[in-house]
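Peer 1: Next comes the structure file input08.txt, holding compact mmCIF, C-alpha atoms.
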```txt
# COMPACT_ATOMS: atom_id res chain seq x y z
CA MET P 4 40.92 -19.23 -50.08
CA LYS P 5 44.23 -17.88 -48.93
CA PHE P 6 45.67 -19.24 -45.72
CA ARG P 7 45.52 -15.82 -44.04
CA GLU P 8 41.77 -15.51 -44.74
CA ALA P 9 41.14 -19.09 -43.62
CA SER P 10 42.99 -18.56 -40.32
CA LEU P 11 41.04 -15.36 -39.68
CA LEU P 12 37.76 -17.12 -40.31
CA GLY P 13 38.84 -20.13 -38.24
CA ALA P 14 39.68 -17.86 -35.30
CA CYS P 15 36.33 -16.20 -35.68
CA LEU P 16 34.42 -19.49 -35.64
CA ALA P 17 36.38 -20.68 -32.62
CA LYS P 18 34.96 -17.96 -30.41
CA ASP P 19 32.69 -19.15 -27.57
CA TYR P 20 29.89 -16.89 -28.68
CA ALA P 21 30.23 -17.58 -32.45
CA GLU P 22 27.32 -20.02 -32.63
CA ASP P 23 25.01 -17.69 -30.70
CA MET P 24 26.08 -14.80 -32.89
CA PHE P 25 25.29 -16.76 -36.03
CA ARG P 26 21.96 -17.78 -34.51
CA LEU P 27 21.10 -14.14 -34.01
CA LEU P 28 22.21 -13.22 -37.54
CA ALA P 29 20.08 -16.03 -38.92
CA THR P 30 17.07 -15.17 -36.72
CA TYR P 31 16.95 -11.39 -37.05
CA LYS P 32 16.35 -9.69 -40.37
CA THR P 33 18.76 -6.96 -39.38
CA ILE P 34 20.60 -6.55 -36.11
CA SER P 35 22.95 -3.88 -34.87
CA SER P 36 26.07 -4.67 -32.89
CA SER P 37 24.60 -3.02 -29.77
CA GLU P 38 21.46 -5.16 -29.99
CA ALA P 39 23.56 -8.32 -30.49
CA ALA P 40 25.90 -7.34 -27.63
CA SER P 41 23.04 -6.73 -25.20
CA ARG P 42 21.33 -9.95 -26.26
CA LEU P 43 24.45 -12.13 -25.77
CA SER P 44 25.84 -10.20 -22.79
CA VAL P 45 29.19 -9.57 -24.49
CA HIS P 46 31.04 -6.29 -24.86
CA ILE P 47 29.94 -4.15 -27.79
CA LYS P 48 33.54 -3.85 -29.06
CA THR P 49 33.80 -7.64 -29.18
CA THR P 50 30.57 -7.80 -31.18
CA GLN P 51 31.73 -5.07 -33.54
CA ASP P 52 35.04 -6.87 -34.15
CA PHE P 53 33.29 -10.17 -34.74
CA LEU P 54 30.71 -8.76 -37.13
CA GLU P 55 33.40 -6.86 -39.01
CA ASP P 56 35.38 -10.08 -39.47
CA ILE P 57 32.38 -12.01 -40.62
CA ARG P 58 31.33 -9.34 -43.04
CA TYR P 59 34.80 -9.47 -44.49
CA SER P 60 34.87 -13.26 -44.67
CA MET P 61 31.29 -14.18 -45.53
CA LYS P 62 31.57 -13.35 -49.24
CA VAL P 63 33.90 -16.26 -49.88
CA GLU P 64 33.47 -18.48 -46.87
CA ARG P 65 29.94 -19.75 -47.60
CA ILE P 66 30.89 -21.03 -51.01
CA VAL P 67 34.22 -22.65 -50.15
CA MET P 68 33.31 -24.12 -46.77
CA ASP P 69 29.64 -24.70 -47.60
CA LEU P 70 28.55 -23.84 -44.06
CA ASP P 71 24.77 -23.71 -43.90
CA LEU P 72 23.99 -20.96 -41.40
CA SER P 73 20.24 -21.30 -41.84
CA GLY P 74 20.46 -24.45 -39.72
CA LEU P 75 21.16 -22.22 -36.74
CA GLN P 76 17.82 -20.47 -37.07
CA MET P 77 15.14 -21.11 -34.42
CA ALA P 78 15.06 -24.82 -33.70
CA GLU P 79 11.28 -25.02 -33.93
CA GLU P 80 9.16 -24.02 -36.86
CA MET P 81 7.00 -20.94 -36.47
CA THR P 82 3.76 -22.81 -36.31
CA ASP P 83 0.38 -21.16 -35.80
CA LEU P 84 0.27 -22.87 -32.42
CA ARG P 85 3.37 -20.96 -31.34
CA LEU P 86 1.89 -17.62 -32.37
CA LYS P 87 -1.26 -18.43 -30.43
CA LEU P 88 0.65 -18.42 -27.14
CA LYS P 89 -1.16 -15.90 -24.92
CA ILE P 90 1.10 -13.57 -23.01
CA LYS P 91 1.08 -10.45 -20.81
CA GLU P 92 3.51 -8.60 -18.59
CA LEU P 93 4.22 -10.36 -15.30
CA GLN P 94 3.00 -8.57 -12.16
CA HIS P 95 5.83 -6.86 -10.25
CA ALA P 96 8.35 -7.91 -12.90
CA GLY P 97 10.68 -5.16 -11.69
CA ALA P 98 11.88 -4.43 -15.22
CA ARG P 99 12.52 -0.93 -16.54
CA PHE P 100 11.18 -0.16 -19.99
CA THR P 101 12.65 2.74 -21.92
CA THR P 102 10.44 4.36 -24.54
CA ALA P 103 11.91 5.71 -27.76
CA ARG P 104 11.70 9.48 -28.38
CA SER P 105 8.96 8.99 -30.95
CA ASN P 106 6.85 7.54 -28.09
CA ASP P 107 5.48 4.63 -30.13
CA TYR P 108 7.91 1.81 -29.34
CA LEU P 109 10.24 0.63 -26.59
CA SER P 110 13.97 0.94 -27.15
CA SER P 111 15.26 -1.24 -24.31
CA VAL P 112 14.35 -3.39 -21.33
CA VAL P 113 16.48 -3.52 -18.20
CA VAL P 114 16.14 -6.44 -15.81
CA TRP P 115 17.89 -6.85 -12.47
CA ALA P 116 18.81 -10.21 -10.98
CA GLY P 117 20.20 -11.20 -7.60
CA SER P 118 20.48 -9.02 -4.54
CA GLY P 119 23.03 -6.98 -2.62
CA ARG P 120 26.54 -7.06 -4.04
CA ASN P 121 25.58 -9.88 -6.40
CA ARG P 122 22.89 -7.79 -8.05
CA THR P 123 23.41 -7.69 -11.81
CA GLU P 124 21.78 -5.60 -14.48
CA LYS P 125 20.91 -6.99 -17.88
CA LYS P 126 19.99 -4.48 -20.56
CA ILE P 127 18.38 -5.72 -23.75
CA ASN P 128 18.41 -3.28 -26.66
CA LEU P 129 15.34 -3.98 -28.77
CA SER P 130 15.02 -3.89 -32.53
CA VAL P 131 12.23 -1.63 -33.81
CA PRO P 132 9.77 -4.51 -34.51
CA GLN P 133 10.46 -5.95 -31.04
CA GLY P 134 10.02 -2.50 -29.48
CA ARG P 135 6.69 -1.99 -31.26
CA PHE P 136 5.55 -5.46 -30.18
CA LEU P 137 6.43 -4.94 -26.50
CA PHE P 138 4.85 -1.46 -26.55
CA HIS P 139 1.50 -3.20 -27.09
CA LEU P 140 2.12 -6.05 -24.63
CA PRO P 141 -0.92 -6.31 -22.28
CA PHE P 142 -0.46 -4.88 -18.77
CA PRO P 143 -0.29 -7.33 -15.80
CA SER P 144 -3.94 -6.62 -14.88
CA ALA P 145 -5.21 -6.94 -18.47
CA GLU P 146 -6.39 -10.02 -20.30
CA PRO P 147 -3.49 -11.83 -22.04
CA LEU P 148 -3.33 -11.68 -25.83
CA SER P 149 -1.78 -14.09 -28.30
CA ILE P 150 1.53 -13.15 -29.96
CA GLU P 151 -0.34 -12.98 -33.26
CA GLU P 152 -2.93 -10.53 -31.87
CA ILE P 153 -0.27 -8.28 -30.34
CA MET P 154 1.70 -8.29 -33.61
CA LYS P 155 -1.44 -7.27 -35.47
CA LYS P 156 -2.20 -4.53 -32.94
CA ALA P 157 1.37 -3.23 -33.14
CA GLY P 158 1.48 -3.43 -36.95
CA VAL P 159 4.53 -5.73 -36.94
CA ASP P 160 5.23 -7.60 -40.19
CA ARG P 161 5.02 -11.42 -40.28
CA ASN P 162 8.61 -11.52 -41.53
CA ASN P 163 9.66 -10.44 -38.05
CA VAL P 164 8.08 -13.47 -36.34
CA PRO P 165 11.42 -15.19 -35.49
CA GLU P 166 12.83 -12.19 -33.62
CA ILE P 167 9.49 -11.57 -31.86
CA VAL P 168 9.30 -15.17 -30.65
CA ASP P 169 12.95 -14.94 -29.64
CA ILE P 170 12.44 -11.87 -27.43
CA VAL P 171 9.26 -13.34 -25.92
CA GLN P 172 11.19 -16.49 -24.93
CA VAL P 173 14.00 -14.41 -23.43
CA LEU P 174 11.56 -12.27 -21.42
CA ILE P 175 9.65 -15.34 -20.20
CA GLU P 176 12.98 -16.75 -18.95
CA LEU P 177 13.79 -13.43 -17.26
CA LYS P 178 10.33 -13.42 -15.62
CA VAL P 179 9.21 -10.21 -17.29
CA VAL P 180 6.55 -11.80 -19.49
CA GLN P 181 4.00 -14.34 -18.32
CA ALA P 182 2.57 -17.02 -20.61
CA ALA P 183 -1.08 -17.80 -19.90
CA MET J 25 -23.83 6.43 -3.54
CA ASN J 26 -20.48 6.18 -1.78
CA TYR J 27 -18.96 9.65 -1.40
CA LYS J 28 -15.69 8.41 0.05
CA SER J 29 -12.91 9.51 -2.29
CA LYS J 30 -10.73 6.82 -3.85
CA ILE J 31 -7.71 9.11 -3.44
CA ARG J 32 -5.88 9.79 -0.19
CA MET J 33 -6.25 13.18 1.49
CA SER J 34 -3.99 15.98 0.27
CA ILE J 35 -1.24 17.02 2.67
CA GLY J 36 -2.63 20.58 2.59
CA TRP J 37 -5.54 19.42 4.78
CA VAL J 38 -3.14 18.77 7.64
CA TYR J 39 -2.67 22.55 8.12
CA PRO J 40 -6.26 23.45 9.13
CA ILE J 41 -6.52 20.28 11.23
CA GLY J 42 -3.18 21.07 12.92
CA ILE J 43 -4.10 24.69 13.58
CA PHE J 44 -7.48 23.67 15.04
CA MET J 45 -5.75 21.13 17.29
CA SER J 46 -3.24 23.77 18.36
CA TYR J 47 -6.07 25.94 19.76
CA ILE J 48 -7.31 23.01 21.83
CA LEU J 49 -3.75 22.42 23.04
CA LEU J 50 -3.40 26.14 23.77
CA PHE J 51 -6.43 26.24 26.07
CA LEU J 52 -5.35 22.97 27.66
CA GLU J 53 -1.90 24.39 28.40
CA PHE J 54 -3.40 27.61 29.83
CA TRP J 55 -5.66 25.56 32.08
CA ILE J 56 -2.85 23.27 33.29
CA ARG J 57 -0.57 26.25 33.97
CA GLU J 58 -3.33 28.00 35.89
CA LEU J 59 -3.93 24.81 37.85
CA ILE J 60 -0.33 24.26 38.92
CA LYS J 61 0.61 27.92 39.23
CA GLY J 62 -1.00 28.46 42.65
CA GLY J 63 1.18 30.86 44.56
CA ARG J 64 4.31 30.11 42.54
CA SER J 65 5.58 33.02 40.50
CA ASP J 66 8.29 31.06 38.63
CA ILE J 67 5.76 29.51 36.24
CA ARG J 68 5.04 32.04 33.51
CA HIS J 69 1.57 32.34 32.09
CA PHE J 70 2.67 31.79 28.46
CA PRO J 71 1.83 28.63 26.39
CA PHE J 72 5.44 27.91 25.43
CA ILE J 73 4.87 24.19 24.75
CA THR J 74 2.02 24.86 22.30
CA ILE J 75 4.03 27.58 20.57
CA ILE J 76 7.04 25.31 20.09
CA LEU J 77 4.88 22.40 18.90
CA VAL J 78 3.03 24.56 16.36
CA ALA J 79 6.33 26.05 15.14
CA LEU J 80 7.71 22.52 14.73
CA MET J 81 4.54 21.48 12.90
CA PHE J 82 5.07 24.18 10.25
CA VAL J 83 8.74 23.26 9.78
CA ILE J 84 8.02 19.52 9.58
CA LEU J 85 5.08 19.94 7.21
CA GLY J 86 7.19 22.18 4.97
CA THR J 87 9.87 19.49 4.85
CA VAL J 88 7.30 16.77 4.12
CA GLN J 89 5.91 18.92 1.29
CA TRP J 90 9.43 19.26 -0.11
CA PHE J 91 9.73 15.48 -0.33
CA LYS J 92 6.30 15.23 -1.93
CA TYR J 93 6.30 18.16 -4.34
CA ARG J 94 10.04 18.83 -4.82
CA ASN J 95 9.16 22.52 -4.76
CA TRP J 96 11.58 24.59 -2.64
CA ILE J 97 9.00 27.27 -1.75
CA TYR J 98 7.24 24.96 0.71
CA PRO J 99 10.16 24.15 3.07
CA VAL J 100 11.27 27.80 2.98
CA LEU J 101 7.75 28.99 3.82
CA GLY J 102 7.48 26.32 6.53
CA LEU J 103 10.75 27.51 8.07
CA LEU J 104 9.74 31.18 7.96
CA VAL J 105 6.31 30.50 9.49
CA GLY J 106 7.94 28.22 12.08
CA ILE J 107 10.36 30.99 13.11
CA ALA J 108 7.55 33.58 13.30
CA THR J 109 5.40 31.20 15.36
CA ALA J 110 8.27 30.56 17.78
CA GLN J 111 8.52 34.33 18.32
CA VAL J 112 4.80 34.87 18.90
CA SER J 113 5.14 34.95 22.69
CA PHE J 114 7.17 38.18 22.34
CA ILE J 115 4.02 40.14 21.54
CA PHE J 116 1.99 38.68 24.42
CA PRO J 117 0.98 41.29 27.05
CA HIS J 118 3.21 41.23 30.15
CA HIS J 119 6.04 39.49 28.28
CA PRO J 120 9.32 40.51 29.92
CA GLY J 121 11.07 40.84 26.50
CA THR J 122 12.31 44.15 25.13
CA ASP J 123 10.84 46.08 22.19
CA LEU J 124 13.66 44.70 20.03
CA LEU J 125 12.27 41.18 20.48
CA LYS J 126 8.80 42.41 19.50
CA LEU J 127 10.36 43.98 16.42
CA THR J 128 11.94 40.66 15.35
CA TYR J 129 8.47 39.07 15.33
CA PHE J 130 7.08 41.79 13.07
CA ILE J 131 10.14 41.56 10.78
CA SER J 132 9.57 37.80 10.42
CA PHE J 133 5.91 38.46 9.68
CA ILE J 134 6.75 40.99 6.95
CA ILE J 135 9.32 38.61 5.41
CA ILE J 136 6.61 35.91 5.16
CA ILE J 137 4.23 38.32 3.41
CA LEU J 138 6.96 39.43 1.00
CA PHE J 139 7.97 35.82 0.30
CA VAL J 140 4.37 34.82 -0.49
CA LEU J 141 3.88 37.89 -2.71
CA VAL J 142 7.09 37.27 -4.69
CA ASN J 143 6.29 33.57 -5.17
CA TRP J 144 2.54 33.98 -5.52
CA ASN J 145 2.55 32.65 -9.09
CA SER J 146 4.26 29.41 -8.01
CA PHE J 147 1.94 28.94 -5.01
CA TYR J 148 -1.20 29.65 -7.03
CA SER J 149 -0.19 27.56 -10.07
CA HIS J 150 0.87 24.61 -7.93
CA GLU J 151 -2.33 24.56 -5.91
CA ARG J 152 -4.57 24.83 -8.99
CA PHE J 153 -2.60 22.15 -10.86
CA GLU J 154 -2.78 19.78 -7.89
CA ILE J 155 -6.50 20.30 -7.29
CA ASN J 156 -7.32 19.66 -10.96
CA SER J 157 -4.98 16.67 -11.20
CA ARG J 158 -6.79 15.14 -8.23
CA ARG J 159 -10.12 15.79 -9.94
CA LEU J 160 -8.78 14.21 -13.13
CA PHE J 161 -7.69 11.05 -11.32
CA ARG J 162 -10.97 10.91 -9.37
CA LEU J 163 -12.94 11.21 -12.59
CA ALA J 164 -10.89 8.47 -14.27
CA ALA J 165 -11.23 6.16 -11.25
CA GLU J 166 -14.94 6.83 -10.74
CA ARG J 167 -16.21 3.75 -12.52
CA ILE J 168 -13.37 1.34 -11.73
CA PHE J 169 -14.35 -1.21 -9.11
CA SER J 170 -11.81 -4.00 -9.60
CA ASN J 171 -8.74 -3.96 -7.37
CA GLU J 172 -6.27 -6.09 -9.27
CA ASP J 173 -3.25 -3.80 -9.04
CA GLY J 174 -1.11 -4.52 -12.12
CA PHE J 175 1.04 -1.39 -11.95
CA THR J 176 3.79 -1.16 -14.52
CA GLU J 177 6.25 1.55 -15.54
CA ARG J 178 5.33 1.01 -19.17
CA ILE J 179 3.44 3.49 -21.30
CA TYR J 180 -0.13 2.48 -22.12
CA SER J 181 -1.14 2.57 -25.75
CA GLY J 182 -4.63 4.04 -25.37
CA GLY J 183 -5.92 4.28 -28.91
CA ARG J 184 -6.60 6.98 -31.45
CA THR J 185 -8.62 10.13 -31.83
CA GLU J 186 -9.60 12.27 -34.77
CA CYS J 187 -8.59 15.92 -34.68
CA THR J 188 -6.64 18.49 -36.63
CA ARG J 189 -3.37 19.94 -35.37
CA ASP J 190 -5.04 23.31 -34.68
CA GLU J 191 -7.88 21.70 -32.75
CA LEU J 192 -5.39 19.78 -30.62
CA LEU J 193 -3.31 22.87 -29.90
CA GLY J 194 -6.44 24.88 -29.05
CA PHE J 195 -7.59 22.12 -26.70
CA VAL J 196 -4.18 22.05 -25.01
CA ARG J 197 -4.26 25.84 -24.53
CA PHE J 198 -7.73 25.60 -22.96
CA MET J 199 -6.64 22.84 -20.58
CA HIS J 200 -3.47 24.75 -19.65
CA GLY J 201 -5.37 28.02 -19.22
CA HIS J 202 -7.58 26.33 -16.61
CA TYR J 203 -4.61 24.72 -14.86
CA ILE J 204 -5.79 21.19 -15.64
CA ILE J 205 -2.57 20.09 -17.33
CA ARG J 206 0.84 21.51 -18.12
CA PRO J 207 1.74 21.00 -21.78
CA PHE J 208 5.12 20.14 -23.29
CA TYR J 209 5.30 20.54 -27.06
CA ASN J 210 7.38 18.04 -29.08
CA ASP J 211 7.98 17.65 -32.82
CA SER J 212 5.34 15.00 -33.35
CA ASN J 213 3.15 15.21 -30.26
CA VAL J 214 2.03 17.20 -27.23
CA CYS J 215 2.65 15.83 -23.74
CA LEU J 216 -0.10 16.82 -21.29
CA SER J 217 1.31 16.45 -17.77
CA PHE J 218 -0.63 16.25 -14.52
CA SER J 219 0.46 15.20 -11.05
CA MET J 220 -0.72 14.79 -7.47
CA ASN J 221 2.87 14.60 -6.26
CA LYS J 222 5.85 16.25 -7.94
CA SER J 223 4.91 19.86 -8.61
CA LEU J 224 4.15 20.70 -12.24
CA VAL J 225 5.76 24.08 -11.58
CA VAL J 226 9.24 22.58 -11.14
CA ILE J 227 9.38 19.84 -13.80
CA ASN J 228 11.53 20.29 -16.90
CA GLU J 229 10.04 17.47 -18.95
CA GLY J 230 6.47 16.23 -19.11
CA THR J 231 7.60 12.62 -18.75
CA GLU J 232 8.79 13.25 -15.17
CA VAL J 233 5.19 12.89 -13.93
CA SER J 234 1.93 11.26 -15.07
CA HIS J 235 1.06 12.32 -18.60
CA VAL J 236 -1.09 11.76 -21.64
CA THR J 237 0.64 12.17 -25.00
CA ILE J 238 -1.46 13.01 -28.04
CA SER J 239 0.34 12.78 -31.39
CA TYR J 240 -0.57 15.06 -34.26
CA ASP J 241 -1.62 11.90 -36.14
CA GLY J 242 -4.15 11.17 -33.36
CA SER J 243 -2.55 8.35 -31.35
CA VAL J 244 -2.95 8.60 -27.58
CA THR J 245 -0.62 7.11 -24.96
CA VAL J 246 -0.88 7.29 -21.17
CA LYS J 247 1.65 6.99 -18.36
CA VAL J 248 0.64 7.02 -14.70
CA SER J 249 3.56 7.50 -12.30
CA GLY J 250 4.09 5.12 -9.40
CA SER J 251 3.72 7.90 -6.81
CA ASP J 252 0.35 8.98 -8.23
CA TYR J 253 -0.86 5.38 -8.37
CA ARG J 254 0.12 4.86 -4.71
CA ASP J 255 -2.09 7.82 -3.76
CA PHE J 256 -5.16 5.71 -4.46
CA ARG J 257 -6.59 4.10 -1.34
CA GLU J 258 -7.00 0.79 -3.19
CA LYS J 259 -4.86 -0.83 -5.86
CA LEU J 260 -7.20 -0.18 -8.78
CA ASN J 261 -6.92 -2.24 -11.95
CA PHE J 262 -4.07 -0.36 -13.61
CA ASP J 263 -5.04 -1.35 -17.13
CA LYS J 264 -8.56 0.03 -16.64
CA LEU J 265 -7.27 3.18 -14.97
CA CYS J 266 -5.03 3.96 -17.96
CA GLN J 267 -7.85 3.20 -20.41
CA SER J 268 -10.21 5.39 -18.38
CA LEU J 269 -7.71 8.28 -18.48
CA THR J 270 -7.41 7.84 -22.25
CA ASP J 271 -11.20 7.88 -22.63
CA THR J 272 -11.45 10.97 -20.41
CA PHE J 273 -8.98 12.96 -22.52
CA ILE J 274 -10.52 11.79 -25.81
CA ARG J 275 -13.97 12.79 -24.45
CA PHE J 276 -12.65 16.21 -23.34
CA LEU J 277 -11.10 16.75 -26.77
CA GLY J 278 -14.47 15.85 -28.29
CA TYR J 279 -16.21 18.45 -26.06
CA TYR J 280 -13.69 21.06 -27.18
CA ARG J 281 -14.23 20.26 -30.85
CA GLU J 282 -18.00 20.60 -30.39
CA GLY J 283 -17.61 23.93 -28.59
CA LEU J 284 -18.73 22.47 -25.24
CA GLU J 285 -15.58 23.35 -23.27
CA MET J 286 -17.48 24.23 -20.10
CA ARG J 287 -18.57 20.59 -19.82
CA ILE J 288 -14.93 19.71 -19.19
CA LEU J 289 -14.88 21.95 -16.11
CA ASP J 290 -18.31 20.72 -14.96
CA GLU J 291 -17.21 17.09 -15.21
CA LEU J 292 -13.98 17.75 -13.34
CA LYS J 293 -15.78 19.55 -10.51
CA SER J 294 -18.37 16.79 -10.21
CA ALA J 295 -15.74 14.06 -9.74
CA ARG J 296 -15.94 12.39 -6.30
```
Using structure tokens, write down the structure from this file.

Peer 2:
Amino acid sequence: MKFREASLLGACLAKDYAEDMFRLLATYKTISSSEAASRLSVHIKTTQDFLEDIRYSMKVERIVMDLDLSGLQMAEEMTDLRLKLKIKELQHAGARFTTARSNDYLSSVVVWAGSGRNRTEKKINLSVPQGRFLFHLPFPSAEPLSIEEIMKKAGVDRNNVPEIVDIVQVLIELKVVQAA
Amino acid sequence: MNYKSKIRMSIGWVYPIGIFMSYILLFLEFWIRELIKGGRSDIRHFPFITIILVALMFVILGTVQWFKYRNWIYPVLGLLVGIATAQVSFIFPHHPGTDLLKLTYFISFIIIILFVLVNWNSFYSHERFEINSRRLFRLAAERIFSNEDGFTERIYSGGRTECTRDELLGFVRFMHGHYIIRPFYNDSNVCLSFSMNKSLVVINEGTEVSHVTISYDGSVTVKVSGSDYRDFREKLNFDKLCQSLTDTFIRFLGYYREGLEMRILDELKSAR
């Protein structure tokens, strides 16, 4: 590897959000820069620059540096127990769900935190499998369903399990989804 | 059987109640004026207080209807009727006003009639849409007895139905022709809008109010707006309400396919 390429890659890996970005790349089958930006709360231009650099560097970097990115994937294995977690939307979650034009999946979730001048808005752009999954999430007054059941209902492929579990965890943390 | 409606009273009912109350107030004011008049000639025998209160009632109700329906014809009509009501004393016998004042009352009266005639289509369509939307919600809520709230802004995935594109479009035309829903045609689906609040006459997109969307491939989704949900006296189980609306529309579509369209109207009228 030429020094110029190595320094570019080194600068890229030194970013604060590099590990999280790699985690997303390893977790999601495909992810757009807007989805990654909304997920990590960084500017979309920053994400685009980062992904462009990586795309440029990845071809050589994995062989020379032998950096195993798969280790950054979800810490826990996707066991059956995990998919059996029963969930539903939390009552009065205060989130805004935007439906895609085709009317069969959600395109984003907006959550507000804090109050007054400190009120912040967090918008999460959803991938299509995540959007389909959340479209079929039980209502707050309905009986909770397991992640597996919702995936089946929504017709989401099993290959998308990591990103589904990821978004469920995020929404549980943001108090939008309730685990039974 | 409990005949008490699960939905709050429509604001339109305030008009007859208000007018009836105004007659009571009118006689009361006449009586009080007669009582205190005695030999004094400075107290006129006209019910000014009642007239002003009734005029204010029309203006206020028109404004309230603007906030509820977002339809400009109501505040304008309220203002016109309020002005005409305020002038009503001019045509009382023994009123000291000139003929010009009497003329202004009749001009106001004619303006109201012209305004209603010009906007008759909006008035008629709005009233029919609102009445049928109320019936639709009553019908859907008829057999829901659990009050667990659970309102969410999300769209409810109701299920699927079997029908051809032509059958669906015919059904939508029937429902629109009877002012039950207002349709919005999209590339892959039809959005059937209904509302107890924002007027269906003024909306530009079906998603602005409560709606049921039926795709040409048969999938059905439901969205109940927050303002419509708040019109229920009790916080009904939202999940069941959405499912009940889905079932109602799928049942109506089934009636249409079997050539039993009149059952749709019968069911709507029977809703309590």

Peer 1: Quote the spacing between atom CA of Ala17 of chain P and atom CA of Phe53 of chain P in Å to one decimal place.

Peer 2: 11.2 Å

Peer 1: Can you tell me which residues surround segment 275-277 of chain J at a distance of at most 9 Å, considering all atoms listed in the file, apart from same-chain residues fewer than 2 positions away, and format the answer as number ranges by chain?

Peer 2: J: 185, 187, 191-192, 195-196, 270-273, 279-282, 284-285, 287-288

Peer 1: Mind giving me the straight-line distance from atom CA of Glu186 of chain J to atom CA of Asp241 of chain J in Å, one decimal?

Peer 2: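 Separation of atom CA of Glu186 of chain J and atom CA of Asp241 of chain J: 8.1 Å.
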
Peer 1: To one decimal place, how far is atom CA of Ile75 of chain J from atom CA of Tyr93 of chain J in Å?

Peer 2: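 Between these atoms lies a distance of 26.7 Å.
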
Peer 1: Can you list, as an MDAnalysis selection string, every protein, DNA or RNA residue that comes within 8 Å of segment 161-172 of chain J when you count only C-alpha atoms, leaving out same-chain residues fewer than 6 positions away?

Peer 2: (chainID P and resid 144) or (chainID J and resid 29:31 258:262 264:265 268:269 272 291:292 295:296)

Peer 1: Report as CSV: every residue of chain J with an atom at most 8 Å from chain P, its closest pair of atoms, and their distance in Å to one decimal, counting all atoms listed in the file, with rows sorted by chain and ascending residue number.

Peer 2:
```
residue,atom,partner,partner_atom,distance
J:Glu172,CA,P:Ser144,CA,6.1
J:Asp173,CA,P:Ser144,CA,6.5
J:Gly174,CA,P:Ser144,CA,4.5
J:Phe175,CA,P:Pro143,CA,7.2
J:Thr176,CA,P:Phe142,CA,7.1
J:Glu177,CA,P:Arg99,CA,6.8
J:Arg178,CA,P:Phe100,CA,6.0
J:Ile179,CA,P:Phe138,CA,7.4
J:Tyr180,CA,P:His139,CA,7.7
J:Ser181,CA,P:His139,CA,6.5
J:Ser212,CA,P:Ser105,CA,7.4
J:Asn261,CA,P:Ser144,CA,6.1
J:Phe262,CA,P:Ser144,CA,6.4
J:Asp263,CA,P:Ala145,CA,5.8
J:Lys264,CA,P:Ala145,CA,7.9
```

Peer 1: Which centre and edge lengths in Å to one decimal define the box along x, y and z that fits every listed atom of segment 75-83 of chain J plus 5 Å per side, as lines of an AutoDock Vina configuration file?

Peer 2:
```
center_x = 5.9
center_y = 24.5
center_z = 15.2
size_x = 15.7
size_y = 16.1
size_z = 20.8
```

Peer 1: Need to verify the contact set: Ser44 of chain P, 12 Å, all atoms listed in the file, exclusion of same-chain residues closer than 6 positions in sequence. Can you return it as a list in words?

Peer 2: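 Once the nearby chain positions are removed, what remains is Tyr20, Asp23, Met24, Ser36, Ser37, Glu38, Thr50, Thr123, Glu124, Lys125, Lys126, Ile127 and Asn128 of chain P.
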
Peer 1: With 9 Å as the threshold, what does the neighbourhood of (2.0, -6.2, -28.6) contain in terms of residues, counting only C-alpha atoms? Coordinates are those of the file; answer as JSON, numbers by chain.

Peer 2: {"P": [91, 133, 134, 135, 136, 137, 138, 139, 140, 141, 148, 149, 150, 151, 152, 153, 154, 155, 156, 157, 158, 159]}

Peer 1: With all atoms listed in the file as the basis for distance, which of J:Val246, J:Val100, J:Ile227, J:Val233 is at the shortest distance from Val83 of chain J?

Peer 2: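 So, comparing all the options, the nearest one is J:Val100.
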
Peer 1: For a quick check of understanding, using only C-alpha atoms, which of J:His69, J:Gly106, J:Leu50, J:Asp290 has the smallest distance to Thr87 of chain J?

Peer 2: J:Gly106

Peer 1: Of the residues J:Arg206, J:Gly250, J:Leu59, J:Ser146, which is the one nearest to Gly230 of chain J, using all atoms listed in the file?

Peer 2: J:Arg206

Peer 1: Could you list, as a list of chain:residue names, every residue within 12 Å of Ser251 of chain J, counting only C-alpha atoms and ignoring same-chain residues fewer than 3 positions away?

Peer 2: J:Ile31, J:Arg32, J:Phe91, J:Lys92, J:Tyr93, J:Phe175, J:Thr176, J:Glu177, J:Ser219, J:Met220, J:Asn221, J:Lys222, J:Glu232, J:Val233, J:Ser234, J:Lys247, J:Val248, J:Arg254, J:Asp255, J:Phe256
